[in-house]
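Visitor: Take a look at protein_33.cif, mmCIF, C-alpha atoms and all ligand atoms:
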```
data_input
#
loop_
_atom_site.label_atom_id
_atom_site.label_comp_id
_atom_site.auth_asym_id
_atom_site.auth_seq_id
_atom_site.Cartn_x
_atom_site.Cartn_y
_atom_site.Cartn_z
CA MET A 453 0.00 0.00 0.00
CA SER A 454 1.35 3.45 -0.78
CA ALA A 455 0.46 6.65 1.04
CA SER A 456 -2.36 8.21 -0.95
CA HIS A 457 -1.79 11.64 -2.33
CA PRO A 458 -4.57 14.08 -1.69
CA PRO A 459 -6.85 15.49 -4.33
CA GLY A 460 -6.37 18.86 -2.66
CA VAL A 461 -3.32 20.66 -1.37
CA SER A 462 -3.39 21.13 2.38
CA PRO A 463 -4.28 24.68 3.37
CA PHE A 464 -2.29 24.15 6.57
CA LYS A 465 1.43 24.55 7.20
CA SER A 466 3.23 21.22 7.32
CA ASP A 467 4.42 21.73 10.90
CA ILE A 468 1.15 22.64 12.63
CA LEU A 469 1.12 19.36 14.56
CA LYS A 470 4.88 19.21 15.15
CA GLY A 471 5.73 17.67 18.53
CA GLN A 472 2.28 16.07 18.88
CA VAL A 473 1.70 12.35 19.24
CA ALA A 474 -1.43 10.82 17.72
CA LEU A 475 -3.01 7.40 18.15
CA VAL A 476 -5.46 6.34 15.43
CA THR A 477 -7.56 3.20 15.88
CA GLY A 478 -8.29 1.47 12.59
CA GLY A 479 -5.38 3.49 11.18
CA GLY A 480 -4.10 0.78 8.83
CA SER A 481 -6.70 1.15 6.12
CA GLY A 482 -9.48 3.31 4.69
CA ILE A 483 -10.30 6.64 6.32
CA GLY A 484 -8.10 5.81 9.33
CA PHE A 485 -5.10 5.34 7.05
CA GLU A 486 -5.62 8.72 5.39
CA ILE A 487 -6.18 10.49 8.72
CA SER A 488 -2.97 8.96 10.10
CA CYS A 489 -1.11 9.99 6.98
CA GLN A 490 -2.34 13.60 7.07
CA LEU A 491 -1.67 13.96 10.80
CA GLY A 492 1.85 12.69 10.10
CA LEU A 493 2.36 14.96 7.09
CA HIS A 494 1.45 17.90 9.35
CA GLY A 495 4.14 16.98 11.86
CA ALA A 496 2.61 14.48 14.32
CA ALA A 497 4.20 11.17 15.27
CA VAL A 498 1.57 8.50 14.71
CA ALA A 499 0.66 5.17 16.31
CA ILE A 500 -1.87 3.14 14.36
CA THR A 501 -3.80 0.17 15.69
CA GLY A 502 -5.79 -2.62 14.09
CA ARG A 503 -6.44 -6.33 14.10
CA ARG A 504 -4.34 -7.33 11.07
CA GLN A 505 -0.55 -7.15 11.52
CA PRO A 506 0.29 -7.25 7.76
CA VAL A 507 -2.07 -4.30 7.14
CA LEU A 508 -0.40 -2.33 9.93
CA ASP A 509 3.09 -3.23 8.66
CA SER A 510 2.35 -2.07 5.14
CA ALA A 511 0.74 1.18 6.36
CA VAL A 512 3.71 1.96 8.64
CA GLU A 513 6.08 1.31 5.74
CA ALA A 514 4.09 3.75 3.58
CA PHE A 515 4.11 6.42 6.30
CA CYS A 516 7.84 6.02 6.96
CA SER A 517 8.53 6.45 3.23
CA GLU A 518 6.83 9.87 3.56
CA GLY A 519 9.13 10.78 6.45
CA ILE A 520 6.47 10.19 9.11
CA ASN A 521 7.48 8.80 12.50
CA ALA A 522 4.99 5.92 12.76
CA ILE A 523 4.46 2.67 14.65
CA GLY A 524 1.80 -0.04 14.34
CA ILE A 525 0.38 -1.90 17.34
CA GLN A 526 -1.84 -4.92 16.81
CA GLY A 527 -4.96 -5.60 18.88
CA ASP A 528 -8.76 -5.42 19.01
CA VAL A 529 -10.64 -2.33 20.19
CA ARG A 530 -13.20 -4.71 21.76
CA LYS A 531 -10.59 -5.79 24.31
CA ASN A 532 -10.18 -3.21 27.03
CA GLN A 533 -6.70 -4.46 27.90
CA ASP A 534 -5.63 -3.89 24.27
CA CYS A 535 -6.85 -0.27 24.46
CA GLU A 536 -4.81 0.31 27.62
CA ARG A 537 -1.76 -1.43 26.15
CA TRP A 538 -1.94 0.72 22.97
CA VAL A 539 -1.82 3.89 25.05
CA GLU A 540 1.05 2.58 27.22
CA GLU A 541 3.06 1.52 24.18
CA THR A 542 2.42 4.79 22.35
CA CYS A 543 3.57 6.81 25.36
CA ALA A 544 6.63 4.58 25.85
CA LYS A 545 7.72 4.63 22.19
CA LEU A 546 6.60 8.10 21.04
CA GLY A 547 6.88 10.04 24.29
CA GLY A 548 3.27 10.81 25.25
CA LEU A 549 -0.20 11.20 23.76
CA ASP A 550 -1.92 14.36 22.51
CA ILE A 551 -4.40 13.18 19.89
CA LEU A 552 -6.74 10.20 19.80
CA VAL A 553 -8.76 9.42 16.68
CA ASN A 554 -11.42 6.77 17.24
CA CYS A 555 -11.79 5.43 13.72
CA ALA A 556 -12.15 1.65 14.18
CA ALA A 557 -15.64 0.62 13.06
CA GLY A 558 -17.50 -2.41 11.87
CA ASN A 559 -20.56 -2.49 9.68
CA PHE A 560 -22.59 -4.47 7.15
CA LEU A 561 -26.01 -4.24 5.57
CA ALA A 562 -28.61 -6.26 7.48
CA SER A 563 -32.33 -5.95 8.06
CA ALA A 564 -33.36 -5.59 11.70
CA GLU A 565 -35.21 -8.92 11.71
CA GLU A 566 -32.22 -10.77 10.23
CA ILE A 567 -29.32 -9.39 12.23
CA SER A 568 -28.64 -11.54 15.29
CA VAL A 569 -28.40 -9.93 18.71
CA ASN A 570 -24.72 -10.86 18.62
CA GLY A 571 -24.30 -9.09 15.26
CA PHE A 572 -25.92 -5.95 16.72
CA ARG A 573 -23.74 -6.23 19.83
CA THR A 574 -20.59 -6.68 17.73
CA VAL A 575 -21.09 -3.31 16.00
CA MET A 576 -21.97 -1.62 19.31
CA GLU A 577 -18.84 -3.13 20.87
CA ILE A 578 -16.51 -1.95 18.11
CA ASP A 579 -18.00 1.50 17.46
CA THR A 580 -19.46 2.65 20.77
CA ILE A 581 -17.78 0.72 23.56
CA GLY A 582 -14.50 0.83 21.62
CA THR A 583 -14.73 4.63 21.42
CA PHE A 584 -15.44 4.88 25.16
CA ALA A 585 -12.74 2.37 26.15
CA MET A 586 -10.09 4.11 24.03
CA SER A 587 -11.06 7.60 25.19
CA ARG A 588 -11.01 6.47 28.81
CA ALA A 589 -7.63 4.78 28.35
CA ALA A 590 -6.17 7.89 26.64
CA PHE A 591 -7.50 10.50 29.08
CA PRO A 592 -4.87 10.14 31.88
CA ALA A 593 -2.01 10.59 29.37
CA MET A 594 -3.68 13.70 27.90
CA ARG A 595 -4.43 15.09 31.32
CA GLN A 596 -0.80 14.63 32.25
CA ARG A 597 0.19 16.70 29.15
CA GLY A 598 -2.26 19.45 30.15
CA GLY A 599 -4.73 18.76 27.35
CA GLY A 600 -5.42 16.91 24.14
CA ARG A 601 -7.81 16.24 21.29
CA VAL A 602 -10.18 13.35 20.77
CA VAL A 603 -11.79 12.97 17.36
CA ASN A 604 -14.60 10.42 17.03
CA ILE A 605 -15.37 9.25 13.52
CA SER A 606 -19.15 9.02 13.38
CA ALA A 607 -21.75 8.93 10.59
CA THR A 608 -24.98 10.60 9.46
CA LEU A 609 -27.01 7.36 9.42
CA HIS A 610 -28.99 8.29 12.52
CA TYR A 611 -29.93 11.88 11.59
CA GLY A 612 -33.11 10.47 10.17
CA ALA A 613 -33.17 6.71 9.84
CA THR A 614 -31.26 4.55 7.37
CA TRP A 615 -32.50 1.33 5.83
CA TRP A 616 -30.70 -1.87 7.00
CA GLN A 617 -28.49 0.07 9.41
CA ALA A 618 -30.30 -0.24 12.76
CA HIS A 619 -27.10 -1.52 14.43
CA ALA A 620 -24.68 1.11 13.04
CA SER A 621 -27.21 3.93 13.46
CA ALA A 622 -27.64 3.07 17.14
CA ALA A 623 -23.88 2.75 17.58
CA LYS A 624 -23.06 6.09 15.96
CA ALA A 625 -25.89 7.93 17.75
CA ALA A 626 -24.28 6.78 20.99
CA VAL A 627 -20.85 7.90 19.74
CA ASP A 628 -22.23 11.42 19.10
CA SER A 629 -23.69 11.43 22.59
CA LEU A 630 -20.30 10.42 24.02
CA THR A 631 -18.64 13.23 22.05
CA ARG A 632 -20.83 15.74 23.89
CA SER A 633 -20.59 14.10 27.34
CA LEU A 634 -16.80 13.77 27.22
CA ALA A 635 -16.44 17.35 25.94
CA LEU A 636 -18.49 18.52 28.91
CA GLU A 637 -16.51 16.55 31.49
CA TRP A 638 -13.00 16.89 30.06
CA GLY A 639 -13.02 20.53 28.99
CA ALA A 640 -11.71 21.47 32.44
CA PHE A 641 -8.57 19.42 31.68
CA GLY A 642 -7.97 21.04 28.28
CA VAL A 643 -9.20 18.00 26.37
CA CYS A 644 -11.39 18.91 23.38
CA VAL A 645 -13.65 16.15 22.10
CA ASN A 646 -15.20 16.45 18.64
CA GLY A 647 -16.54 14.21 15.93
CA ILE A 648 -16.51 13.99 12.17
CA ALA A 649 -19.48 12.50 10.35
CA PRO A 650 -18.36 11.46 6.88
CA GLY A 651 -20.90 10.91 4.13
CA PRO A 652 -20.33 8.55 1.22
CA THR A 653 -16.54 8.42 0.89
CA GLY A 654 -14.78 7.06 -2.17
CA GLY A 655 -12.43 4.08 -1.88
CA THR A 656 -13.71 2.90 1.51
CA ALA A 657 -15.08 -0.43 2.72
CA GLY A 658 -18.09 1.55 3.90
CA LEU A 659 -19.02 2.65 0.40
CA SER A 660 -18.33 -0.65 -1.32
CA LYS A 661 -20.08 -2.71 1.39
CA LEU A 662 -23.02 -0.43 1.99
CA ALA A 663 -23.95 0.72 -1.50
CA GLY A 664 -25.66 -2.68 -1.77
CA VAL A 665 -24.90 -3.14 -5.46
CA ASP A 666 -22.43 -5.38 -7.22
CA ALA A 667 -20.80 -2.81 -9.51
CA SER A 668 -17.42 -1.26 -10.23
CA GLU A 669 -16.11 1.46 -7.91
CA ASP A 670 -16.63 4.08 -10.65
CA ASP A 671 -20.25 2.99 -11.15
CA VAL A 672 -20.93 3.01 -7.39
CA ASN A 673 -19.37 6.48 -7.11
CA ALA A 674 -21.46 7.80 -10.02
CA LEU A 675 -24.63 6.29 -8.59
CA VAL A 676 -24.03 7.72 -5.12
CA ALA A 677 -22.80 11.10 -6.44
CA SER A 678 -26.22 11.69 -8.01
CA THR A 679 -27.63 11.87 -4.47
CA VAL A 680 -25.08 14.36 -3.11
CA PRO A 681 -25.92 18.08 -3.42
CA LEU A 682 -22.25 18.89 -4.14
CA GLY A 683 -22.42 16.34 -6.96
CA LYS A 684 -19.61 14.01 -5.88
CA VAL A 685 -18.72 11.49 -3.23
CA GLY A 686 -16.21 12.78 -0.71
CA SER A 687 -12.62 11.60 -0.64
CA LYS A 688 -10.67 10.18 2.28
CA TRP A 689 -8.59 13.36 2.10
CA ASP A 690 -11.70 15.48 2.76
CA ILE A 691 -12.22 13.62 6.04
CA ALA A 692 -8.53 13.58 6.95
CA ILE A 693 -8.02 17.30 6.45
CA ALA A 694 -11.06 17.97 8.67
CA ALA A 695 -9.32 15.86 11.34
CA VAL A 696 -6.14 17.92 10.93
CA PHE A 697 -8.23 21.06 11.45
CA LEU A 698 -9.86 19.65 14.61
CA CYS A 699 -6.43 18.74 16.01
CA SER A 700 -4.93 22.13 15.16
CA SER A 701 -4.81 25.29 17.25
CA ALA A 702 -7.41 26.78 14.87
CA ALA A 703 -9.98 24.57 16.65
CA ARG A 704 -8.84 25.36 20.19
CA HIS A 705 -12.29 26.66 21.26
CA LEU A 706 -14.23 23.97 19.46
CA THR A 707 -15.47 21.03 21.51
CA GLY A 708 -18.55 18.83 21.76
CA ASP A 709 -19.36 19.27 18.09
CA THR A 710 -19.53 16.88 15.16
CA LEU A 711 -18.51 18.22 11.76
CA VAL A 712 -20.56 16.75 8.95
CA VAL A 713 -18.27 16.26 5.95
CA ASP A 714 -20.66 14.86 3.36
CA GLY A 715 -21.45 17.46 0.69
CA ALA A 716 -24.89 17.77 2.38
CA ALA A 717 -25.66 14.17 1.32
CA TRP A 718 -27.71 13.38 4.42
CA MET A 719 -30.20 16.14 3.53
CA TRP A 720 -30.70 14.96 -0.01
CA ARG A 721 -34.08 13.86 -1.29
CA GLU A 722 -35.65 13.93 -4.72
CA PRO A 723 -37.25 17.38 -5.20
CA ALA A 724 -41.04 17.28 -5.44
CA VAL A 725 -40.84 19.84 -8.26
CA PRO A 726 -37.86 19.62 -10.65
CA ARG A 727 -35.62 22.74 -10.71
CA LYS A 728 -36.60 23.78 -14.21
CA MET A 729 -40.31 23.57 -13.31
CA VAL A 730 -40.16 25.59 -10.08
CA SER A 731 -40.67 29.06 -11.50
CA LYS A 732 -43.34 27.97 -13.98
CA ALA A 733 -45.28 25.97 -11.37
CA SER A 734 -45.05 28.71 -8.75
CA ARG A 735 -46.07 31.53 -11.08
CA GLY A 736 -48.87 29.37 -12.45
CA VAL A 737 -50.34 28.92 -8.95
CA GLU A 738 -49.90 32.66 -8.26
CA ALA A 739 -51.56 33.61 -11.53
CA LYS A 740 -54.52 31.36 -10.72
CA SER A 741 -55.06 32.89 -7.29
CA ARG A 742 -54.86 36.42 -8.77
CA ALA A 743 -57.36 35.46 -11.43
CA LEU A 744 -59.74 34.38 -8.66
CA GLY A 745 -59.46 37.94 -7.33
CA VAL A 746 -58.14 37.03 -3.93
CA ALA A 747 -56.74 40.11 -2.14
CA PRO A 748 -52.95 40.06 -1.44
CA ALA A 749 -53.48 39.99 2.38
CA GLN A 750 -55.79 36.99 2.12
CA ARG A 751 -53.45 35.36 -0.37
CA SER A 752 -50.58 35.47 2.09
CA LYS A 753 -52.75 33.65 4.65
CA LEU A 754 -53.65 30.90 2.19
N1 LIG B 801 -25.01 -9.65 8.10
C1 LIG B 801 -25.57 -10.03 9.28
N2 LIG B 801 -24.83 -10.37 10.37
C2 LIG B 801 -23.49 -10.33 10.25
C3 LIG B 801 -22.84 -9.95 9.07
C4 LIG B 801 -23.66 -9.60 7.95
N3 LIG B 801 -23.13 -9.21 6.79
N4 LIG B 801 -21.50 -10.01 9.27
C5 LIG B 801 -21.33 -10.40 10.54
N5 LIG B 801 -22.53 -10.60 11.12
C6 LIG B 801 -22.77 -11.08 12.48
C7 LIG B 801 -22.28 -12.51 12.59
O1 LIG B 801 -23.25 -13.43 12.07
C8 LIG B 801 -22.05 -12.65 14.08
O2 LIG B 801 -23.24 -12.90 14.77
P1 LIG B 801 -23.63 -14.43 15.23
O3 LIG B 801 -22.56 -14.85 16.19
O4 LIG B 801 -24.97 -14.29 15.88
O5 LIG B 801 -23.67 -15.25 13.98
C9 LIG B 801 -21.59 -11.27 14.49
O6 LIG B 801 -21.99 -10.37 13.43
C10 LIG B 801 -20.10 -11.20 14.62
O7 LIG B 801 -19.53 -11.62 13.39
P2 LIG B 801 -18.03 -12.13 13.29
O8 LIG B 801 -17.76 -12.44 11.84
O9 LIG B 801 -17.77 -13.19 14.30
O10 LIG B 801 -17.24 -10.84 13.78
P3 LIG B 801 -15.90 -10.29 13.31
O11 LIG B 801 -15.27 -9.72 14.49
O12 LIG B 801 -15.09 -11.25 12.53
O13 LIG B 801 -16.33 -9.13 12.28
C11 LIG B 801 -17.64 -7.27 11.63
C12 LIG B 801 -16.78 -7.88 12.70
C13 LIG B 801 -18.86 -8.11 11.59
C14 LIG B 801 -18.05 -5.86 11.99
C15 LIG B 801 -16.94 -7.23 10.28
O14 LIG B 801 -17.85 -6.86 9.31
C16 LIG B 801 -15.71 -6.36 10.23
O15 LIG B 801 -14.87 -6.34 11.11
N6 LIG B 801 -15.52 -5.60 9.18
C17 LIG B 801 -14.31 -4.75 8.98
C18 LIG B 801 -14.52 -3.35 9.23
C19 LIG B 801 -15.59 -2.72 8.37
O16 LIG B 801 -16.39 -3.37 7.77
N7 LIG B 801 -15.62 -1.44 8.33
C20 LIG B 801 -16.62 -0.75 7.60
C21 LIG B 801 -16.99 0.48 8.34
S1 LIG B 801 -18.32 1.29 7.55
#
```
Turn the structure described in the file into structure tokens.
Guide:
Amino acid sequence: MSASHPPGVSPFKSDILKGQVALVTGGGSGIGFEISCQLGLHGAAVAITGRRQPVLDSAVEAFCSEGINAIGIQGDVRKNQDCERWVEETCAKLGGLDILVNCAAGNFLASAEEISVNGFRTVMEIDTIGTFAMSRAAFPAMRQRGGGRVVNISATLHYGATWWQAHASAAKAAVDSLTRSLALEWGAFGVCVNGIAPGPTGGTAGLSKLAGVDASEDDVNALVASTVPLGKVGSKWDIAIAAVFLCSSAARHLTGDTLVVDGAAWMWREPAVPRKMVSKASRGVEAKSRALGVAPAQRSKL
């Protein structure tokens, strides 16, 4: 795997995170990989964690080839002792901990009547309990440094409701709640806790698994892009650069919030009246009411 080069040029100086140490769960692949890479390219030393050692090894190799000080530590976010060990090892090898990105997540499409209770619990354990366990494990090290940043990677699934995603919607709703609770409790220690809610993001397991169609990546992207107001699926870089912002001094007074980075995709729905018909339809209705002789004051009450 090679470090992916961003579709955009960073608007930030390359040393804005110099001297910081970041730990990214799920940092060996997908969005976690790109976040780790961008934190590193902006000066942070990075520890990545994940279940698959070969994935971690190849990611660390890619980061090191970019001049990033990186280590990989294997384990499972569902095991509390692994979370504590990751923090200990990061502090021992990289000298402390300033930034935690909770990116490890599990998901699949499943109808509520088909998913087993264990399947539901598995996603809750990875996404929600994993986020809490990691944040709790990281807090003492951040407190010792006089502050830190926690970034929880969330979703927009639960803003309304999303078909076949009862498990992940519940898990991410709880993550957003944790973002606010931890921000409230840890602000006094200089720890800012925020979230990022990505929308459809190109080149991720999320998009290929959840689009629910067996098609090429380009076809999936085109299909999904037609439902995004900005007209395209986001890139991993879009999410990663938002994480760099949240970890930078520019966001020093920002806590308890979740940035939605989705091109307004979660708001999208087919318009009831197509754009080119709006003016004609609206003026037609207006003309009819005028023709009926309704007074302007009464018209406005209609
Ligand atoms: N549909 C319904 N249930 C599913 C499922 C699917 N596609 N995939 C897994 N499950 C259920 C299993 O049946 C099992 O429940 P059971 O014991 O009642 O049978 C439970 O989930 C755990 O599955 P298991 O395969 O043992 O867990 P795992 O730890 O190997 O995998 C997952 C965890 C399920 C989250 C897996 O999809 C994963 O780790 N994916 C990688 C990360 C990822 O997908 N990220 C995308 C983020 S959007």
Visitor: Kindly provide the residues of chain A that approach ligand LIG 801 (chain B) to within 6 Å, each paired with its closest atom pair and their distance in Å to one decimal, based on all atoms listed in the file, listed by chain and increasing number, as JSON lines.
Guide:
```
{"residue": "A:Ala557", "atom": "CA", "partner": "B:LIG801", "partner_atom": "C21", "distance": 4.9}
{"residue": "A:Gly558", "atom": "CA", "partner": "B:LIG801", "partner_atom": "C14", "distance": 3.5}
{"residue": "A:Asn559", "atom": "CA", "partner": "B:LIG801", "partner_atom": "O16", "distance": 4.7}
{"residue": "A:Phe560", "atom": "CA", "partner": "B:LIG801", "partner_atom": "N3", "distance": 4.8}
{"residue": "A:Leu561", "atom": "CA", "partner": "B:LIG801", "partner_atom": "N3", "distance": 5.9}
{"residue": "A:Ala562", "atom": "CA", "partner": "B:LIG801", "partner_atom": "N1", "distance": 5.0}
{"residue": "A:Ile567", "atom": "CA", "partner": "B:LIG801", "partner_atom": "C1", "distance": 4.8}
{"residue": "A:Ser568", "atom": "CA", "partner": "B:LIG801", "partner_atom": "O4", "distance": 4.6}
{"residue": "A:Asn570", "atom": "CA", "partner": "B:LIG801", "partner_atom": "O4", "distance": 4.4}
{"residue": "A:Gly571", "atom": "CA", "partner": "B:LIG801", "partner_atom": "O6", "distance": 3.2}
{"residue": "A:Thr574", "atom": "CA", "partner": "B:LIG801", "partner_atom": "C10", "distance": 5.5}
{"residue": "A:Val575", "atom": "CA", "partner": "B:LIG801", "partner_atom": "C14", "distance": 5.6}
{"residue": "A:Ala657", "atom": "CA", "partner": "B:LIG801", "partner_atom": "C20", "distance": 5.1}
{"residue": "A:Gly658", "atom": "CA", "partner": "B:LIG801", "partner_atom": "S1", "distance": 3.7}
```
Visitor: Output C-alpha atoms for every residue in that selection, as a CSV table (one decimal), in the frame of the given file.
Guide:
```csv
chain,number,residue,atom,x,y,z
A,557,ALA,CA,-15.6,0.6,13.1
A,558,GLY,CA,-17.5,-2.4,11.9
A,559,ASN,CA,-20.6,-2.5,9.7
A,560,PHE,CA,-22.6,-4.5,7.2
A,561,LEU,CA,-26.0,-4.2,5.6
A,562,ALA,CA,-28.6,-6.3,7.5
A,567,ILE,CA,-29.3,-9.4,12.2
A,568,SER,CA,-28.6,-11.5,15.3
A,570,ASN,CA,-24.7,-10.9,18.6
A,571,GLY,CA,-24.3,-9.1,15.3
A,574,THR,CA,-20.6,-6.7,17.7
A,575,VAL,CA,-21.1,-3.3,16.0
A,657,ALA,CA,-15.1,-0.4,2.7
A,658,GLY,CA,-18.1,1.6,3.9
```
Visitor: Residues at most 12 Å from Gly524 (chain A), counting all atoms listed in the file, excluding those fewer than 5 positions away in the same chain, as a ChimeraX atom specification?
Guide: /A:474-481,485,488,497-516,538-539,541-542,545-546
Visitor: Grab the residues selected above and save them as an mmCIF file, keeping the file's coordinate frame with C-alpha atoms.
Guide:
```
data_model
loop_
_atom_site.group_PDB
_atom_site.id
_atom_site.type_symbol
_atom_site.label_atom_id
_atom_site.label_comp_id
_atom_site.auth_asym_id
_atom_site.auth_seq_id
_atom_site.Cartn_x
_atom_site.Cartn_y
_atom_site.Cartn_z
ATOM 1 C CA ALA A 474 -1.430 10.820 17.720
ATOM 2 C CA LEU A 475 -3.010 7.400 18.150
ATOM 3 C CA VAL A 476 -5.460 6.340 15.430
ATOM 4 C CA THR A 477 -7.560 3.200 15.880
ATOM 5 C CA GLY A 478 -8.290 1.470 12.590
ATOM 6 C CA GLY A 479 -5.380 3.490 11.180
ATOM 7 C CA GLY A 480 -4.100 0.780 8.830
ATOM 8 C CA SER A 481 -6.700 1.150 6.120
ATOM 9 C CA PHE A 485 -5.100 5.340 7.050
ATOM 10 C CA SER A 488 -2.970 8.960 10.100
ATOM 11 C CA ALA A 497 4.200 11.170 15.270
ATOM 12 C CA VAL A 498 1.570 8.500 14.710
ATOM 13 C CA ALA A 499 0.660 5.170 16.310
ATOM 14 C CA ILE A 500 -1.870 3.140 14.360
ATOM 15 C CA THR A 501 -3.800 0.170 15.690
ATOM 16 C CA GLY A 502 -5.790 -2.620 14.090
ATOM 17 C CA ARG A 503 -6.440 -6.330 14.100
ATOM 18 C CA ARG A 504 -4.340 -7.330 11.070
ATOM 19 C CA GLN A 505 -0.550 -7.150 11.520
ATOM 20 C CA PRO A 506 0.290 -7.250 7.760
ATOM 21 C CA VAL A 507 -2.070 -4.300 7.140
ATOM 22 C CA LEU A 508 -0.400 -2.330 9.930
ATOM 23 C CA ASP A 509 3.090 -3.230 8.660
ATOM 24 C CA SER A 510 2.350 -2.070 5.140
ATOM 25 C CA ALA A 511 0.740 1.180 6.360
ATOM 26 C CA VAL A 512 3.710 1.960 8.640
ATOM 27 C CA GLU A 513 6.080 1.310 5.740
ATOM 28 C CA ALA A 514 4.090 3.750 3.580
ATOM 29 C CA PHE A 515 4.110 6.420 6.300
ATOM 30 C CA CYS A 516 7.840 6.020 6.960
ATOM 31 C CA TRP A 538 -1.940 0.720 22.970
ATOM 32 C CA VAL A 539 -1.820 3.890 25.050
ATOM 33 C CA GLU A 541 3.060 1.520 24.180
ATOM 34 C CA THR A 542 2.420 4.790 22.350
ATOM 35 C CA LYS A 545 7.720 4.630 22.190
ATOM 36 C CA LEU A 546 6.600 8.100 21.040
#
```
Visitor: I'd like to know which of A:Pro681, A:Gly651, A:Asp528, A:Val696 is closest to Gln490 (chain A), using only C-alpha atoms.
Guide: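 When distances to Gln490 (chain A) are compared using only C-alpha atoms, the smallest one comes from A:Val696.
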Visitor: To one decimal place in Å, what is the distance between CA of Met586 (chain A) and CA of Thr631 (chain A)?
Guide: 12.7 Å
Visitor: Using all atoms listed in the file, what residues lie at most 6 Å away from (-9.0, 0.9, 23.7) (file coordinates), given as a list in words?
Guide: Val529, Asn532, Asp534, Cys535, Glu536, Gly582, Ala585 and Met586 of chain A
Visitor: Residues of the last selection are to be written out with C-alpha atoms, as a short mmCIF file (atom, residue, chain, number, x, y, z; two decimals), keeping the file's coordinate frame.
Guide:
```cif
data_model
loop_
_atom_site.label_atom_id
_atom_site.label_comp_id
_atom_site.auth_asym_id
_atom_site.auth_seq_id
_atom_site.Cartn_x
_atom_site.Cartn_y
_atom_site.Cartn_z
CA VAL A 529 -10.64 -2.33 20.19
CA ASN A 532 -10.18 -3.21 27.03
CA ASP A 534 -5.63 -3.89 24.27
CA CYS A 535 -6.85 -0.27 24.46
CA GLU A 536 -4.81 0.31 27.62
CA GLY A 582 -14.50 0.83 21.62
CA ALA A 585 -12.74 2.37 26.15
CA MET A 586 -10.09 4.11 24.03
#
```
Visitor: I'd like the contact shell of Asn604 (chain A) - 12 Å cut-off, all atoms listed in the file, skipping same-chain residues fewer than 3 positions apart - returned as number ranges by chain.
Guide: A: 476-478, 484, 487, 551-557, 579-580, 582-584, 586-587, 601, 607, 624-632, 634-635, 644-650, 691, 694-695, 698-699, 707-712
Visitor: Selected residues, C-alpha atoms, written as an mmCIF file, in the coordinates of the input, please.
Guide:
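Output saved as out.cif:
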```
data_model
loop_
_atom_site.group_PDB
_atom_site.id
_atom_site.type_symbol
_atom_site.label_atom_id
_atom_site.label_comp_id
_atom_site.auth_asym_id
_atom_site.auth_seq_id
_atom_site.Cartn_x
_atom_site.Cartn_y
_atom_site.Cartn_z
ATOM 1 C CA VAL A 476 -5.460 6.340 15.430
ATOM 2 C CA THR A 477 -7.560 3.200 15.880
ATOM 3 C CA GLY A 478 -8.290 1.470 12.590
ATOM 4 C CA GLY A 484 -8.100 5.810 9.330
ATOM 5 C CA ILE A 487 -6.180 10.490 8.720
ATOM 6 C CA ILE A 551 -4.400 13.180 19.890
ATOM 7 C CA LEU A 552 -6.740 10.200 19.800
ATOM 8 C CA VAL A 553 -8.760 9.420 16.680
ATOM 9 C CA ASN A 554 -11.420 6.770 17.240
ATOM 10 C CA CYS A 555 -11.790 5.430 13.720
ATOM 11 C CA ALA A 556 -12.150 1.650 14.180
ATOM 12 C CA ALA A 557 -15.640 0.620 13.060
ATOM 13 C CA ASP A 579 -18.000 1.500 17.460
ATOM 14 C CA THR A 580 -19.460 2.650 20.770
ATOM 15 C CA GLY A 582 -14.500 0.830 21.620
ATOM 16 C CA THR A 583 -14.730 4.630 21.420
ATOM 17 C CA PHE A 584 -15.440 4.880 25.160
ATOM 18 C CA MET A 586 -10.090 4.110 24.030
ATOM 19 C CA SER A 587 -11.060 7.600 25.190
ATOM 20 C CA ARG A 601 -7.810 16.240 21.290
ATOM 21 C CA ALA A 607 -21.750 8.930 10.590
ATOM 22 C CA LYS A 624 -23.060 6.090 15.960
ATOM 23 C CA ALA A 625 -25.890 7.930 17.750
ATOM 24 C CA ALA A 626 -24.280 6.780 20.990
ATOM 25 C CA VAL A 627 -20.850 7.900 19.740
ATOM 26 C CA ASP A 628 -22.230 11.420 19.100
ATOM 27 C CA SER A 629 -23.690 11.430 22.590
ATOM 28 C CA LEU A 630 -20.300 10.420 24.020
ATOM 29 C CA THR A 631 -18.640 13.230 22.050
ATOM 30 C CA ARG A 632 -20.830 15.740 23.890
ATOM 31 C CA LEU A 634 -16.800 13.770 27.220
ATOM 32 C CA ALA A 635 -16.440 17.350 25.940
ATOM 33 C CA CYS A 644 -11.390 18.910 23.380
ATOM 34 C CA VAL A 645 -13.650 16.150 22.100
ATOM 35 C CA ASN A 646 -15.200 16.450 18.640
ATOM 36 C CA GLY A 647 -16.540 14.210 15.930
ATOM 37 C CA ILE A 648 -16.510 13.990 12.170
ATOM 38 C CA ALA A 649 -19.480 12.500 10.350
ATOM 39 C CA PRO A 650 -18.360 11.460 6.880
ATOM 40 C CA ILE A 691 -12.220 13.620 6.040
ATOM 41 C CA ALA A 694 -11.060 17.970 8.670
ATOM 42 C CA ALA A 695 -9.320 15.860 11.340
ATOM 43 C CA LEU A 698 -9.860 19.650 14.610
ATOM 44 C CA CYS A 699 -6.430 18.740 16.010
ATOM 45 C CA THR A 707 -15.470 21.030 21.510
ATOM 46 C CA GLY A 708 -18.550 18.830 21.760
ATOM 47 C CA ASP A 709 -19.360 19.270 18.090
ATOM 48 C CA THR A 710 -19.530 16.880 15.160
ATOM 49 C CA LEU A 711 -18.510 18.220 11.760
ATOM 50 C CA VAL A 712 -20.560 16.750 8.950
#
```
Visitor: Looking at all atoms listed in the file, which of A:Ala739, A:Ala692, A:Ala618, A:Leu744 is the one that sits closest to Ile605 (chain A)?
Guide: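 Nearest candidate to Ile605 (chain A) out of A:Ala739, A:Ala692, A:Ala618, A:Leu744: A:Ala692.
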